[in-house]
$ cat start_31.cif   # mmCIF, C-alpha atoms (C1' of nucleotides)
data_data
#
loop_
_atom_site.group_PDB
_atom_site.id
_atom_site.type_symbol
_atom_site.label_atom_id
_atom_site.label_comp_id
_atom_site.auth_asym_id
_atom_site.auth_seq_id
_atom_site.Cartn_x
_atom_site.Cartn_y
_atom_site.Cartn_z
ATOM 1 C CA MET A 1 215.963 26.649 4.962
ATOM 2 C CA THR A 2 217.876 26.169 8.169
ATOM 3 C CA LYS A 3 221.321 27.490 8.879
ATOM 4 C CA VAL A 4 222.659 23.952 8.601
ATOM 5 C CA ASP A 5 221.120 23.513 5.161
ATOM 6 C CA LYS A 6 222.617 26.770 4.001
ATOM 7 C CA ASP A 7 225.937 25.574 5.308
ATOM 8 C CA ILE A 8 225.778 22.426 3.198
ATOM 9 C CA PHE A 9 225.355 24.442 0.042
ATOM 10 C CA LEU A 10 228.150 26.739 1.072
ATOM 11 C CA LYS A 11 230.460 23.756 1.540
ATOM 12 C CA LEU A 12 229.319 22.093 -1.636
ATOM 13 C CA GLY A 13 229.701 25.354 -3.516
ATOM 14 C CA GLN A 14 233.215 25.703 -2.167
ATOM 15 C CA PHE A 15 234.063 22.220 -3.339
ATOM 16 C CA TYR A 16 232.726 22.921 -6.809
ATOM 17 C CA LYS A 17 234.668 26.167 -6.907
ATOM 18 C CA ILE A 18 237.890 24.312 -6.257
ATOM 19 C CA MET A 19 237.049 21.845 -9.006
ATOM 20 C CA GLY A 20 235.859 24.584 -11.320
ATOM 21 C CA ASP A 21 239.272 25.200 -12.767
ATOM 22 C CA GLU A 22 240.665 23.372 -15.742
ATOM 23 C CA THR A 23 244.232 23.469 -14.487
ATOM 24 C CA ARG A 24 243.375 21.978 -11.110
ATOM 25 C CA LEU A 25 241.293 19.237 -12.702
ATOM 26 C CA ARG A 26 244.141 18.368 -15.042
ATOM 27 C CA ILE A 27 246.627 18.274 -12.173
ATOM 28 C CA LEU A 28 244.401 15.923 -10.192
ATOM 29 C CA ASN A 29 243.940 13.766 -13.254
ATOM 30 C CA LEU A 30 247.696 13.445 -13.702
ATOM 31 C CA LEU A 31 248.205 12.642 -10.036
ATOM 32 C CA GLU A 32 245.628 9.908 -10.192
ATOM 33 C CA LYS A 33 248.065 7.789 -12.162
ATOM 34 C CA ARG A 34 251.106 8.439 -10.016
ATOM 35 C CA GLU A 35 252.834 10.999 -7.855
ATOM 36 C CA LEU A 36 254.661 13.707 -9.771
ATOM 37 C CA LYS A 37 257.063 16.528 -9.058
ATOM 38 C CA VAL A 38 256.065 20.104 -9.729
ATOM 39 C CA GLY A 39 258.320 20.399 -12.747
ATOM 40 C CA GLU A 40 256.895 17.278 -14.345
ATOM 41 C CA ILE A 41 253.377 18.561 -13.981
ATOM 42 C CA ALA A 42 254.422 21.905 -15.438
ATOM 43 C CA ILE A 43 255.930 20.225 -18.498
ATOM 44 C CA ARG A 44 252.965 17.941 -19.037
ATOM 45 C CA LEU A 45 250.494 20.792 -18.821
ATOM 46 C CA GLU A 46 252.754 23.232 -20.680
ATOM 47 C CA MET A 47 252.579 25.823 -17.947
ATOM 48 C CA THR A 48 255.137 27.534 -15.709
ATOM 49 C CA SER A 49 256.223 25.844 -12.485
ATOM 50 C CA SER A 50 255.066 28.920 -10.641
ATOM 51 C CA ALA A 51 251.535 28.671 -11.938
ATOM 52 C CA ILE A 52 251.444 24.980 -11.079
ATOM 53 C CA SER A 53 252.869 25.600 -7.643
ATOM 54 C CA HIS A 54 250.197 28.166 -6.898
ATOM 55 C CA GLN A 55 247.491 25.722 -7.837
ATOM 56 C CA LEU A 56 249.117 22.947 -5.835
ATOM 57 C CA GLN A 57 249.056 25.143 -2.750
ATOM 58 C CA ILE A 58 245.322 25.597 -3.202
ATOM 59 C CA LEU A 59 244.810 21.874 -3.634
ATOM 60 C CA ARG A 60 246.973 21.157 -0.616
ATOM 61 C CA TYR A 61 245.215 23.709 1.544
ATOM 62 C CA HIS A 62 241.969 21.949 0.779
ATOM 63 C CA LYS A 63 243.557 18.594 1.511
ATOM 64 C CA LEU A 64 243.138 17.230 -1.986
ATOM 65 C CA VAL A 65 246.845 16.562 -2.450
ATOM 66 C CA LYS A 66 249.807 15.957 -0.197
ATOM 67 C CA SER A 67 253.495 16.504 -0.778
ATOM 68 C CA ARG A 68 256.774 14.906 0.101
ATOM 69 C CA ARG A 69 260.238 16.278 -0.461
ATOM 70 C CA GLU A 70 262.989 14.218 -2.006
ATOM 71 C CA GLY A 71 266.127 16.258 -2.345
ATOM 72 C CA LYS A 72 265.512 19.353 -4.362
ATOM 73 C CA GLU A 73 262.256 18.086 -5.684
ATOM 74 C CA ILE A 74 258.821 17.866 -4.172
ATOM 75 C CA TYR A 75 256.452 15.076 -5.118
ATOM 76 C CA TYR A 76 252.736 15.592 -5.021
ATOM 77 C CA SER A 77 250.079 12.900 -4.815
ATOM 78 C CA LEU A 78 246.360 12.622 -4.169
ATOM 79 C CA GLN A 79 245.335 12.788 -0.559
ATOM 80 C CA ASP A 80 241.650 12.082 -0.858
ATOM 81 C CA ASP A 81 240.454 8.828 -2.383
ATOM 82 C CA HIS A 82 236.886 10.034 -2.693
ATOM 83 C CA ILE A 83 237.644 13.019 -4.822
ATOM 84 C CA MET A 84 238.589 11.380 -8.065
ATOM 85 C CA GLY A 85 235.528 9.178 -7.717
ATOM 86 C CA ILE A 86 233.384 12.273 -7.642
ATOM 87 C CA VAL A 87 235.240 13.779 -10.568
ATOM 88 C CA LYS A 88 234.924 10.605 -12.638
ATOM 89 C CA TYR A 89 231.260 10.322 -11.754
ATOM 90 C CA GLY A 90 230.719 13.886 -12.847
ATOM 91 C CA MET A 91 232.769 13.363 -15.985
ATOM 92 C CA GLU A 92 230.680 10.428 -17.175
ATOM 93 C CA HIS A 93 227.475 12.274 -16.649
ATOM 94 C CA ILE A 94 228.701 15.432 -18.295
ATOM 95 C CA LEU A 95 229.686 13.441 -21.344
ATOM 96 C CA GLU A 96 226.311 11.700 -21.354
ATOM 97 C CA ARG A 97 224.721 15.099 -21.189
ATOM 98 C CA LYS A 98 226.694 16.452 -24.102
ATOM 99 C CA LYS A 99 225.459 13.689 -26.358
ATOM 100 C CA ALA A 100 221.823 14.420 -25.598
ATOM 101 C CA MET B 1 247.366 15.043 -23.372
ATOM 102 C CA THR B 2 245.343 15.242 -26.545
ATOM 103 C CA LYS B 3 243.159 18.122 -27.570
ATOM 104 C CA VAL B 4 240.127 15.977 -26.837
ATOM 105 C CA ASP B 5 241.322 15.246 -23.314
ATOM 106 C CA LYS B 6 241.901 18.927 -22.698
ATOM 107 C CA ASP B 7 238.415 19.564 -23.948
ATOM 108 C CA ILE B 8 236.929 17.177 -21.417
ATOM 109 C CA PHE B 9 238.508 19.058 -18.558
ATOM 110 C CA LEU B 10 237.403 22.333 -20.009
ATOM 111 C CA LYS B 11 233.818 21.082 -20.164
ATOM 112 C CA LEU B 12 234.004 19.526 -16.729
ATOM 113 C CA GLY B 13 235.553 22.693 -15.336
ATOM 114 C CA GLN B 14 232.766 24.722 -16.879
ATOM 115 C CA PHE B 15 230.182 22.479 -15.274
ATOM 116 C CA TYR B 16 231.818 22.805 -11.885
ATOM 117 C CA LYS B 17 231.995 26.559 -12.304
ATOM 118 C CA ILE B 18 228.252 26.717 -12.832
ATOM 119 C CA MET B 19 227.711 24.604 -9.752
ATOM 120 C CA GLY B 20 230.307 26.520 -7.778
ATOM 121 C CA ASP B 21 227.857 29.102 -6.586
ATOM 122 C CA GLU B 22 225.820 28.790 -3.450
ATOM 123 C CA THR B 23 222.842 30.656 -4.857
ATOM 124 C CA ARG B 24 222.602 28.475 -7.948
ATOM 125 C CA LEU B 25 222.889 25.298 -5.891
ATOM 126 C CA ARG B 26 220.145 26.474 -3.590
ATOM 127 C CA ILE B 27 217.901 27.356 -6.516
ATOM 128 C CA LEU B 28 218.387 23.918 -8.048
ATOM 129 C CA ASN B 29 217.718 22.313 -4.703
ATOM 130 C CA LEU B 30 214.415 24.174 -4.373
ATOM 131 C CA LEU B 31 213.398 23.262 -7.911
ATOM 132 C CA GLU B 32 214.062 19.621 -7.260
ATOM 133 C CA LYS B 33 210.951 19.487 -5.110
ATOM 134 C CA ARG B 34 208.666 21.385 -7.472
ATOM 135 C CA GLU B 35 208.530 24.153 -10.040
ATOM 136 C CA LEU B 36 208.566 27.650 -8.601
ATOM 137 C CA LYS B 37 208.052 31.195 -9.801
ATOM 138 C CA VAL B 38 210.878 33.678 -9.608
ATOM 139 C CA GLY B 39 209.285 35.574 -6.756
ATOM 140 C CA GLU B 40 208.843 32.462 -4.671
ATOM 141 C CA ILE B 41 212.477 31.539 -5.069
ATOM 142 C CA ALA B 42 213.487 35.067 -4.142
ATOM 143 C CA ILE B 43 211.449 34.957 -0.951
ATOM 144 C CA ARG B 44 212.686 31.521 0.029
ATOM 145 C CA LEU B 45 216.312 32.490 -0.482
ATOM 146 C CA GLU B 46 215.825 35.984 0.920
ATOM 147 C CA MET B 47 217.263 37.659 -2.145
ATOM 148 C CA THR B 48 215.952 40.142 -4.711
ATOM 149 C CA SER B 49 214.003 38.871 -7.700
ATOM 150 C CA SER B 50 216.574 40.523 -9.911
ATOM 151 C CA ALA B 51 219.455 38.581 -8.437
ATOM 152 C CA ILE B 52 217.484 35.354 -8.765
ATOM 153 C CA SER B 53 216.477 36.159 -12.317
ATOM 154 C CA HIS B 54 220.099 36.728 -13.310
ATOM 155 C CA GLN B 55 221.075 33.354 -11.917
ATOM 156 C CA LEU B 56 218.108 31.672 -13.562
ATOM 157 C CA GLN B 57 219.234 33.009 -16.930
ATOM 158 C CA ILE B 58 222.621 31.407 -16.382
ATOM 159 C CA LEU B 59 221.027 28.103 -15.395
ATOM 160 C CA ARG B 60 218.698 28.266 -18.363
ATOM 161 C CA TYR B 61 221.465 29.111 -20.788
ATOM 162 C CA HIS B 62 223.262 25.975 -19.649
ATOM 163 C CA LYS B 63 220.047 23.988 -19.966
ATOM 164 C CA LEU B 64 219.800 23.136 -16.300
ATOM 165 C CA VAL B 65 216.362 24.686 -15.905
ATOM 166 C CA LYS B 66 213.454 25.498 -18.169
ATOM 167 C CA SER B 67 210.684 28.055 -17.821
ATOM 168 C CA ARG B 68 207.028 28.405 -18.625
ATOM 169 C CA ARG B 69 204.902 31.509 -18.422
ATOM 170 C CA GLU B 70 201.531 31.546 -16.711
ATOM 171 C CA GLY B 71 200.037 34.981 -16.801
ATOM 172 C CA LYS B 72 202.340 37.486 -15.204
ATOM 173 C CA GLU B 73 204.431 34.829 -13.565
ATOM 174 C CA ILE B 74 207.115 32.554 -14.889
ATOM 175 C CA TYR B 75 207.615 29.112 -13.473
ATOM 176 C CA TYR B 76 211.006 27.467 -13.477
ATOM 177 C CA SER B 77 211.747 23.782 -13.186
ATOM 178 C CA LEU B 78 214.669 21.415 -13.614
ATOM 179 C CA GLN B 79 215.471 20.485 -17.171
ATOM 180 C CA ASP B 80 218.169 17.925 -16.612
ATOM 181 C CA ASP B 81 217.448 14.824 -14.571
ATOM 182 C CA HIS B 82 221.100 13.886 -14.308
ATOM 183 C CA ILE B 83 222.193 17.063 -12.650
ATOM 184 C CA MET B 84 220.643 16.681 -9.244
ATOM 185 C CA GLY B 85 221.974 13.142 -9.147
ATOM 186 C CA ILE B 86 225.451 14.491 -9.561
ATOM 187 C CA VAL B 87 224.862 17.173 -6.958
ATOM 188 C CA LYS B 88 223.466 14.664 -4.454
ATOM 189 C CA TYR B 89 226.310 12.299 -5.131
ATOM 190 C CA GLY B 90 228.779 15.097 -4.531
ATOM 191 C CA MET B 91 226.925 16.233 -1.444
ATOM 192 C CA GLU B 92 227.088 12.831 0.231
ATOM 193 C CA HIS B 93 230.770 12.510 -0.422
ATOM 194 C CA ILE B 94 231.549 16.027 0.697
ATOM 195 C CA LEU B 95 229.793 15.366 3.962
ATOM 196 C CA GLU B 96 231.637 12.069 4.361
ATOM 197 C CA ARG B 97 234.819 13.956 3.740
ATOM 198 C CA LYS B 98 234.086 16.569 6.365
ATOM 199 C CA LYS B 99 233.700 13.901 9.009
ATOM 200 C CA ALA B 100 237.085 12.424 8.273
ATOM 201 C "C1'" DC C 1 194.327 53.232 -21.917
ATOM 202 C "C1'" DC C 2 196.021 53.145 -17.240
ATOM 203 C "C1'" DT C 3 197.732 51.019 -13.244
ATOM 204 C "C1'" DA C 4 199.696 47.404 -10.685
ATOM 205 C "C1'" DT C 5 202.472 43.370 -10.599
ATOM 206 C "C1'" DA C 6 206.100 40.003 -12.202
ATOM 207 C "C1'" DT C 7 210.104 39.389 -14.475
ATOM 208 C "C1'" DT C 8 214.001 40.681 -17.351
ATOM 209 C "C1'" DT C 9 217.800 43.414 -18.750
ATOM 210 C "C1'" DG C 10 221.961 46.346 -18.821
ATOM 211 C "C1'" DA C 11 225.290 49.118 -16.571
ATOM 212 C "C1'" DA C 12 227.954 49.790 -12.546
ATOM 213 C "C1'" DT C 13 230.439 48.115 -8.634
ATOM 214 C "C1'" DA C 14 233.008 45.347 -5.578
ATOM 215 C "C1'" DA C 15 235.099 41.103 -4.856
ATOM 216 C "C1'" DT C 16 237.465 37.050 -6.314
ATOM 217 C "C1'" DT C 17 240.708 34.626 -9.087
ATOM 218 C "C1'" DG C 18 244.529 32.631 -12.317
ATOM 219 C "C1'" DT C 19 248.740 33.768 -14.293
ATOM 220 C "C1'" DT C 20 253.069 36.233 -14.658
ATOM 221 C "C1'" DC C 21 257.147 38.176 -13.006
ATOM 222 C "C1'" DA C 22 260.634 38.935 -9.769
ATOM 223 C "C1'" DT C 23 262.405 37.388 -5.685
ATOM 224 C "C1'" DA C 24 263.064 34.267 -1.810
ATOM 225 C "C1'" DT C 25 263.937 29.747 0.159
ATOM 226 C "C1'" DA C 26 265.747 25.116 0.196
ATOM 227 C "C1'" DT C 27 268.771 21.596 -1.331
ATOM 228 C "C1'" DT C 28 272.696 19.444 -3.636
ATOM 229 C "C1'" DC C 29 277.217 19.246 -5.159
ATOM 230 C "C1'" DA C 30 281.689 20.985 -6.180
ATOM 231 C "C1'" DT D 1 281.165 28.967 0.501
ATOM 232 C "C1'" DG D 2 279.320 29.504 -4.061
ATOM 233 C "C1'" DA D 3 276.779 28.090 -8.086
ATOM 234 C "C1'" DA D 4 272.981 25.608 -9.928
ATOM 235 C "C1'" DT D 5 268.467 23.726 -9.652
ATOM 236 C "C1'" DA D 6 263.631 23.104 -7.817
ATOM 237 C "C1'" DT D 7 259.980 25.061 -5.663
ATOM 238 C "C1'" DA D 8 257.447 28.618 -3.132
ATOM 239 C "C1'" DT D 9 255.874 33.195 -2.359
ATOM 240 C "C1'" DG D 10 254.033 37.903 -2.857
ATOM 241 C "C1'" DA D 11 252.639 41.725 -5.556
ATOM 242 C "C1'" DA D 12 250.533 43.218 -9.709
ATOM 243 C "C1'" DC D 13 247.428 42.707 -13.498
ATOM 244 C "C1'" DA D 14 243.691 41.333 -16.257
ATOM 245 C "C1'" DA D 15 239.633 38.822 -16.434
ATOM 246 C "C1'" DT D 16 235.518 37.012 -14.525
ATOM 247 C "C1'" DT D 17 231.554 37.245 -11.583
ATOM 248 C "C1'" DA D 18 227.504 38.058 -8.194
ATOM 249 C "C1'" DT D 19 224.683 41.535 -6.669
ATOM 250 C "C1'" DT D 20 222.394 46.024 -6.820
ATOM 251 C "C1'" DC D 21 219.962 49.588 -8.931
ATOM 252 C "C1'" DA D 22 217.255 51.709 -12.377
ATOM 253 C "C1'" DA D 23 214.789 51.109 -16.303
ATOM 254 C "C1'" DA D 24 212.431 48.166 -19.749
ATOM 255 C "C1'" DT D 25 209.092 44.620 -21.001
ATOM 256 C "C1'" DA D 26 205.010 41.749 -20.481
ATOM 257 C "C1'" DT D 27 200.614 40.622 -18.669
ATOM 258 C "C1'" DA D 28 196.072 41.105 -16.333
ATOM 259 C "C1'" DG D 29 192.162 43.667 -14.771
ATOM 260 C "C1'" DG D 30 189.549 47.751 -14.221
#

$ encode --input "start_31.cif" --output "structure tokens"
Amino acid sequence: MTKVDKDIFLKLGQFYKIMGDETRLRILNLLEKRELKVGEIAIRLEMTSSAISHQLQILRYHKLVKSRREGKEIYYSLQDDHIMGIVKYGMEHILERKKA
Amino acid sequence: MTKVDKDIFLKLGQFYKIMGDETRLRILNLLEKRELKVGEIAIRLEMTSSAISHQLQILRYHKLVKSRREGKEIYYSLQDDHIMGIVKYGMEHILERKKA
DNA sequence: CCTATATTTGAATAATTGTTCATATATTCA
DNA sequence: TGAATATATGAACAATTATTCAAATATAGG
């Protein structure tokens, strides 16, 4: 296994780690429909704004979401079109799997 | 969000968590080509047999690999055909993403 | 039986991580 | 300027996790 190959698995592993959190997946799922402010996400997921904000920072750092301020509020939306495709793809197959 | 919806993200998150480890991804990648004994995997990944064995138990528990004994050795192979499809799909898109 | 080899197992450890809480920052409006 | 609201930030905490180490188990061959 070359250094490059190892690197691919490191990157892929990192991606899966980011997605390996229920809260982050649920945030991305909400944002797929439309952009939302932090507070709205918090209410929908029944969590504190702080917890949501922390997760949004992680998602933003990894360029999965972007933000835009409008007055006191900050709207978040998906930045990467690919991502939800991957998630949906995974979702279908996981559900297939569960049936079997 | 219904309880069922939440459940989907929990399951999906769990799947991603399993895949969110470089060692496990590399093991699965090796097994995609052919079945291997624990020791062979350990050598290929330059890790101890114990570390590999621990990870194999996790993969087996989640029904991603299966094992078969042959004398003193135990051969592992992929159990789920879907899985590597998902991984490959993710891999291609992650690499696409990196370019952008 | 005894030894050597392959693998598993359990405890211990260090590292990472998600949430909470308190506080800080930014913005609006009076 | 001051109060109110929205969000971000940092420290602390508990929980999870990957690897290591030592010991246990299983198998084959002498």

$ closest_residue --input "start_31.cif" --among "B:Leu45, B:Ile27, B:Ala51, B:Ile58" --to "Ser77 (chain B)" --atoms "all atoms listed in the file"
B:Ile27

$ interface_residues --input "start_31.cif" --of "chain A" --to "chain D" --cutoff "8 Å" --atoms "only C-alpha atoms (C1' of nucleotides)" --output "MDAnalysis selection string"
chainID A and resid 38:39 49:50 53 72:74

$ interface_residues --input "start_31.cif" --of "chain C" --to "chain B" --cutoff "10 Å" --atoms "only C-alpha atoms (C1' of nucleotides)" --output "list of chain:residue names"
C:DT5, C:DA6, C:DT7, C:DT8, C:DT9

$ write_last_selection --input "start_31.cif" --atoms "C-alpha atoms (C1' of nucleotides)" --output "PDB file, in the coordinates of the input"
ATOM      1  C1'  DT C   5     202.472  43.370 -10.599  1.00  0.00           C
ATOM      2  C1'  DA C   6     206.100  40.003 -12.202  1.00  0.00           C
ATOM      3  C1'  DT C   7     210.104  39.389 -14.475  1.00  0.00           C
ATOM      4  C1'  DT C   8     214.001  40.681 -17.351  1.00  0.00           C
ATOM      5  C1'  DT C   9     217.800  43.414 -18.750  1.00  0.00           C
TER       6       DT C   9
END

$ closest_atom_pairs --input "start_31.cif" --of "chain B" --to "chain A" --cutoff "9 Å" --atoms "only C-alpha atoms" --output "tab-separated table"
residue	atom	partner	partner_atom	distance
B:Met1	CA	A:Arg44	CA	7.7
B:Lys6	CA	A:Arg26	CA	8.0
B:Ile8	CA	A:Met91	CA	7.8
B:Phe9	CA	A:Glu22	CA	5.6
B:Leu10	CA	A:Glu22	CA	5.5
B:Lys11	CA	A:Ile94	CA	7.8
B:Leu12	CA	A:Met91	CA	6.3
B:Gly13	CA	A:Gly20	CA	4.4
B:Gln14	CA	A:Gly20	CA	6.4
B:Phe15	CA	A:Gly20	CA	7.2
B:Tyr16	CA	A:Gly20	CA	4.5
B:Lys17	CA	A:Gly20	CA	4.4
B:Ile18	CA	A:Gly20	CA	8.0
B:Met19	CA	A:Tyr16	CA	6.1
B:Gly20	CA	A:Tyr16	CA	4.4
B:Asp21	CA	A:Gly13	CA	5.2
B:Glu22	CA	A:Gly13	CA	5.2
B:Thr23	CA	A:Phe9	CA	8.3
B:Arg24	CA	A:Gly13	CA	8.9
B:Leu25	CA	A:Phe9	CA	6.5
B:Arg26	CA	A:Phe9	CA	6.7
B:Arg44	CA	A:Met1	CA	7.7
B:Leu45	CA	A:Met1	CA	8.0
B:Asp80	CA	A:Arg97	CA	8.5
B:His82	CA	A:His93	CA	7.0
B:Ile83	CA	A:His93	CA	8.2
B:Ile86	CA	A:Gly90	CA	6.2
B:Val87	CA	A:Leu12	CA	8.5
B:Tyr89	CA	A:Ile86	CA	7.5
B:Gly90	CA	A:Ile86	CA	6.2
B:Met91	CA	A:Leu12	CA	6.3
B:His93	CA	A:His82	CA	7.0
B:Ile94	CA	A:Leu12	CA	6.9
B:Leu95	CA	A:Ile8	CA	8.2
B:Arg97	CA	A:His82	CA	7.8

$ atom_distance --input "start_31.cif" --atom1 "CA of Gln79 (chain B)" --atom2 "CA of Ile43 (chain B)"
22.1 Å

$ axis_aligned_box --input "start_31.cif" --around "region 26-35 of chain A" --padding-each-side "6 Å" --output "AutoDock Vina command-line options"
--center_x 248.4 --center_y 13.1 --center_z -11.4 --size_x 20.9 --size_y 22.6 --size_z 19.2

$ atom_distance --input "start_31.cif" --atom1 "CA of Met47 (chain B)" --atom2 "C1' of DT3 (chain C)"
26.1 Å

$ atom_distance --input "start_31.cif" --atom1 "C1' of DG18 (chain C)" --atom2 "CA of Leu78 (chain A)"
21.7 Å
